[in-house]
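Peer 1: Quick one: the structure is below, and I'll ask about it shortly.
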Amino acid sequence: MASLKIGVVGAGIGGLTAAIALHRAGHDVVVFEQAKGFFRVGADINLTPNAVGALDALGEKVKAGIRRTAARPTHRLSRTWDTGVETSRLVMGNEAEEKYGSPQLTIHRADLLAALAEDFPLERVLFDKRAEAITQDDSGVDITFVDGSTYHVDVLIGADGIHSAVRTSMFGKENPRFTGVVAFRAVVPASKVANVPNLQAFTKWWGPNPQSQIVTFPLNRGEDIFIFATIGQDSWHLESWTTPGKVSELRELYADFHHDARALLDACDEVLKSALYERDPLPAWSKGQMTLLGDACHPMLPFMAQGAGMAIEDAVVLGRALASVKTAAEVPAALKRYEDTRRERTSKIQLGSRGNEWMKEGGNADWVYGYQAWNVSVDGEAH
Ligand code: FAD
């Protein structure tokens, strides 16, 4: 049985998935989270079949948990912003499940975290622990938290999101870049917009330029519809999951969109507004006994809806790369196997998200949706 002491900074989607996978492998895992607990912040998470398959294989509890409140989009549709013309249609639902082995699920971020938290001993998640300074030497990694406490581990995983303190400690300070794009998020009851066609589909309304789009899909077993609209706007730089925007601004900005899309915006009572930030692909993710996953190493624009999926895939592959490692001396090679397995795919998706053309006119989604994190070759893996 493997037995490294592994610290994970960040109890987000990637951090918790990694914690479960590493705990399953027999490692002694502790998670440090800056928040005081799990709160119901944020809204949608789009889990395409690649992400659902990776989560399902963690175990029956997670598998059941993520299905409790999730919705299953029937299709993935592309429509033109003004004419409403459909430019691509992919059947999801049962057909996608048969093809890829897993369905697409859309779920509130808090419900996904709750499903993951059920399968990891909660006493191993230390809340109100904001990592500030991290150093490593031959004996392992030392973490100092803003409350002054310290912790020593053999291996440290930075799953601490786009402003990652672990990344800064490894590669120096470099701020994420404002993309010039802002996002509006809103949820409306499906019953309020029942006349809008294809409500249970994942629909992307492609706007007049690559920054401008409206995406809608079902949430909460299809009882609600989630609206995610983006647009180029240089004047708003605030990155936040909780800051309200103005519904009147949302309606004005998309006033020329097709009436089906506008009907959804007309039904919104409130909206959140946030500036979108990103980074370039990172040439290396690991250093000594430390590595990164998810937004900490490849934050991306949401245009391919793969941010959570890439964090989940990273976590599974990292868990596999470290599964049979028993000594600290073996760790750097295992971390290299992990990042060598993951970097090309995540960079391609990071850059594809920036370009925002994927599936506009149709195409093959298999390379994204068909990826099998539990089966992909992790070079050198002991079976
Ligand atoms: P994240 O989900 O960002 O998780 C990082 C975790 O690390 C967070 O829990 C954070 O509190 C913690 N952390 C950060 N710094 C430190 C530190 N120094 N010490 C300790 N802990 C630290 N995406 C969507 O598509 N829709 C949403 O509705 C949505 N809501 C979100 C709400 C919140 C509060 C956050 C943090 C992120 C949200 N996201 C949302 C982003 C989305 O979860 C990520 O883009 C994606 O899932 C990748 O996940 P991740 O685990 O790499 O990073």
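Chain lettering (A, B, ...) mirrors the order of the structure tokens, residue numbering begins at 1 for each chain separately, and ligand numbering begins at 1 in order of display.
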At a cut-off of 7 Å around ligand 1, and using only C-alpha atoms and all ligand atoms, what residues come up? Please write them as a PyMOL selection string.

Peer 2: chain A and resi 9-15+32-35+41-46+108-109+129-132+159-165+241+293-296+299+302+307-308+311

Peer 1: What does the file look like for those residues with N, CA and C atoms, as a compact mmCIF listing (two decimals), in the first residue's frame?

Peer 2:
# COMPACT_ATOMS: atom_id res chain seq x y z
N VAL A 9 -3.83 21.95 -1.91
CA VAL A 9 -4.30 23.31 -1.59
C VAL A 9 -5.48 23.62 -2.50
N GLY A 10 -6.67 23.79 -1.91
CA GLY A 10 -7.87 24.11 -2.68
C GLY A 10 -8.86 22.96 -2.66
N ALA A 11 -10.04 23.20 -2.05
CA ALA A 11 -11.11 22.18 -2.05
C ALA A 11 -12.15 22.56 -3.09
N GLY A 12 -11.69 22.88 -4.29
CA GLY A 12 -12.60 23.09 -5.42
C GLY A 12 -12.83 21.76 -6.11
N ILE A 13 -13.30 21.83 -7.33
CA ILE A 13 -13.66 20.60 -8.06
C ILE A 13 -12.42 19.74 -8.31
N GLY A 14 -11.35 20.37 -8.78
CA GLY A 14 -10.13 19.62 -9.06
C GLY A 14 -9.49 19.09 -7.78
N GLY A 15 -9.42 19.93 -6.75
CA GLY A 15 -8.76 19.54 -5.50
C GLY A 15 -9.47 18.37 -4.84
N PHE A 32 -6.35 21.69 2.15
CA PHE A 32 -6.38 23.00 2.80
C PHE A 32 -7.23 23.95 1.96
N GLU A 33 -8.26 24.52 2.54
CA GLU A 33 -9.16 25.40 1.79
C GLU A 33 -9.27 26.75 2.51
N GLN A 34 -9.14 27.82 1.71
CA GLN A 34 -9.18 29.15 2.32
C GLN A 34 -10.57 29.55 2.83
N ALA A 35 -11.64 29.03 2.19
CA ALA A 35 -13.00 29.39 2.62
C ALA A 35 -13.30 28.76 3.98
N VAL A 41 -22.03 29.02 -3.72
CA VAL A 41 -21.60 30.13 -4.57
C VAL A 41 -21.50 29.60 -5.99
N GLY A 42 -21.69 30.51 -6.98
CA GLY A 42 -21.57 30.10 -8.37
C GLY A 42 -22.89 29.53 -8.85
N ALA A 43 -22.86 28.87 -9.98
CA ALA A 43 -24.09 28.28 -10.51
C ALA A 43 -23.72 27.03 -11.30
N ASP A 44 -23.76 27.18 -12.59
CA ASP A 44 -23.62 26.05 -13.51
C ASP A 44 -22.24 25.41 -13.52
N ILE A 45 -22.21 24.12 -13.67
CA ILE A 45 -20.99 23.47 -14.16
C ILE A 45 -21.46 22.51 -15.25
N ASN A 46 -20.82 22.61 -16.40
CA ASN A 46 -21.16 21.74 -17.51
C ASN A 46 -20.20 20.55 -17.49
N HIS A 108 -25.31 22.34 -10.52
CA HIS A 108 -24.83 23.49 -9.74
C HIS A 108 -23.48 23.12 -9.12
N ARG A 109 -22.57 24.08 -9.15
CA ARG A 109 -21.22 23.79 -8.62
C ARG A 109 -21.28 23.29 -7.18
N LYS A 129 -7.99 27.87 5.87
CA LYS A 129 -6.53 27.70 5.76
C LYS A 129 -6.09 28.26 4.42
N ARG A 130 -5.71 29.51 4.41
CA ARG A 130 -5.27 30.15 3.16
C ARG A 130 -3.75 30.04 3.06
N ALA A 131 -3.30 29.25 2.10
CA ALA A 131 -1.85 29.07 1.93
C ALA A 131 -1.22 30.38 1.47
N GLU A 132 -0.11 30.74 2.10
CA GLU A 132 0.52 32.02 1.77
C GLU A 132 1.94 31.83 1.24
N ALA A 159 -4.14 23.07 -6.21
CA ALA A 159 -5.45 23.03 -6.89
C ALA A 159 -6.20 24.29 -6.47
N ASP A 160 -5.43 25.40 -6.41
CA ASP A 160 -5.96 26.61 -5.79
C ASP A 160 -6.36 27.67 -6.80
N GLY A 161 -6.80 27.23 -7.97
CA GLY A 161 -7.48 28.12 -8.89
C GLY A 161 -6.60 29.12 -9.62
N ILE A 162 -7.25 30.03 -10.33
CA ILE A 162 -6.55 30.91 -11.28
C ILE A 162 -5.50 31.81 -10.62
N HIS A 163 -5.69 32.16 -9.33
CA HIS A 163 -4.70 33.02 -8.65
C HIS A 163 -3.75 32.20 -7.78
N SER A 164 -3.53 30.98 -8.16
CA SER A 164 -2.79 30.00 -7.36
C SER A 164 -1.54 30.52 -6.64
N ALA A 165 -1.56 30.39 -5.31
CA ALA A 165 -0.38 30.74 -4.51
C ALA A 165 0.70 29.67 -4.70
N TRP A 241 -17.70 35.86 -8.39
CA TRP A 241 -18.80 34.90 -8.58
C TRP A 241 -20.07 35.39 -7.90
N LEU A 293 -2.77 21.55 -10.75
CA LEU A 293 -3.83 21.00 -11.61
C LEU A 293 -4.94 22.03 -11.79
N GLY A 294 -5.77 21.80 -12.79
CA GLY A 294 -6.95 22.64 -13.02
C GLY A 294 -6.58 24.08 -13.32
N ASP A 295 -7.41 25.00 -12.84
CA ASP A 295 -7.21 26.42 -13.13
C ASP A 295 -5.88 26.95 -12.61
N ALA A 296 -5.28 26.29 -11.65
CA ALA A 296 -3.98 26.74 -11.16
C ALA A 296 -2.94 26.68 -12.27
N PRO A 299 -5.92 28.01 -16.54
CA PRO A 299 -7.22 28.69 -16.56
C PRO A 299 -7.59 29.05 -17.98
N PRO A 302 -14.36 30.26 -20.95
CA PRO A 302 -15.36 29.19 -20.83
C PRO A 302 -15.99 28.76 -22.15
N GLY A 307 -13.55 23.91 -18.42
CA GLY A 307 -12.71 24.27 -17.26
C GLY A 307 -12.77 23.22 -16.17
N ALA A 308 -13.98 22.86 -15.77
CA ALA A 308 -14.13 21.84 -14.72
C ALA A 308 -13.68 20.48 -15.23
N ALA A 311 -9.97 20.06 -15.05
CA ALA A 311 -9.50 19.89 -13.67
C ALA A 311 -9.77 18.46 -13.19

Peer 1: Quick one: residues within 9 Å of Ala114 in chain A, only C-alpha atoms, excluding same-chain residues fewer than 5 positions away - as number ranges by chain?

Peer 2: A: 38, 65-66, 109

Peer 1: Convert the current residue selection to file output with N, CA and C atoms, as a compact mmCIF listing (two decimals), in the first residue's frame.

Peer 2:
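The result, written out as selection_21.txt:
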# COMPACT_ATOMS: atom_id res chain seq x y z
N PHE A 38 -18.05 24.89 2.81
CA PHE A 38 -18.60 24.81 1.45
C PHE A 38 -19.85 25.69 1.40
N GLY A 65 -24.32 10.75 -6.45
CA GLY A 65 -24.40 12.14 -5.98
C GLY A 65 -24.53 13.14 -7.11
N ILE A 66 -23.76 12.93 -8.18
CA ILE A 66 -23.81 13.93 -9.26
C ILE A 66 -25.08 13.80 -10.10
N ARG A 109 -22.57 24.08 -9.15
CA ARG A 109 -21.22 23.79 -8.62
C ARG A 109 -21.28 23.29 -7.18

Peer 1: Kindly give the distance, in Å, that separates CA of Thr69 in chain A and CA of Ser353 in chain A, rounded to a single decimal.

Peer 2: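 It comes out at 27.4 Å.
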
Peer 1: Quick check, in Å to one decimal: how far apart do CA of Thr179 in chain A and CA of Ser248 in chain A lie?

Peer 2: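 So the two atoms, CA of Thr179 in chain A and CA of Ser248 in chain A, lie 23.4 Å apart.
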
Peer 1: List the neighbours of Phe228 in chain A out to 9 Å using only C-alpha atoms; skip same-chain residues closer than 4 positions along the sequence, and give me the result as number ranges by chain.

Peer 2: A: 44, 183-187, 213-217

Peer 1: Using DSSP on the backbone, list every residue of range 105-351 of chain A that comes out as helix (DSSP H, G or I), and give them as a ChimeraX atom specification.

Peer 2: /A:109-117,122-124,165-171,190-193,220-222,247-253,259-266,294-296,302-304,307-323,328-351
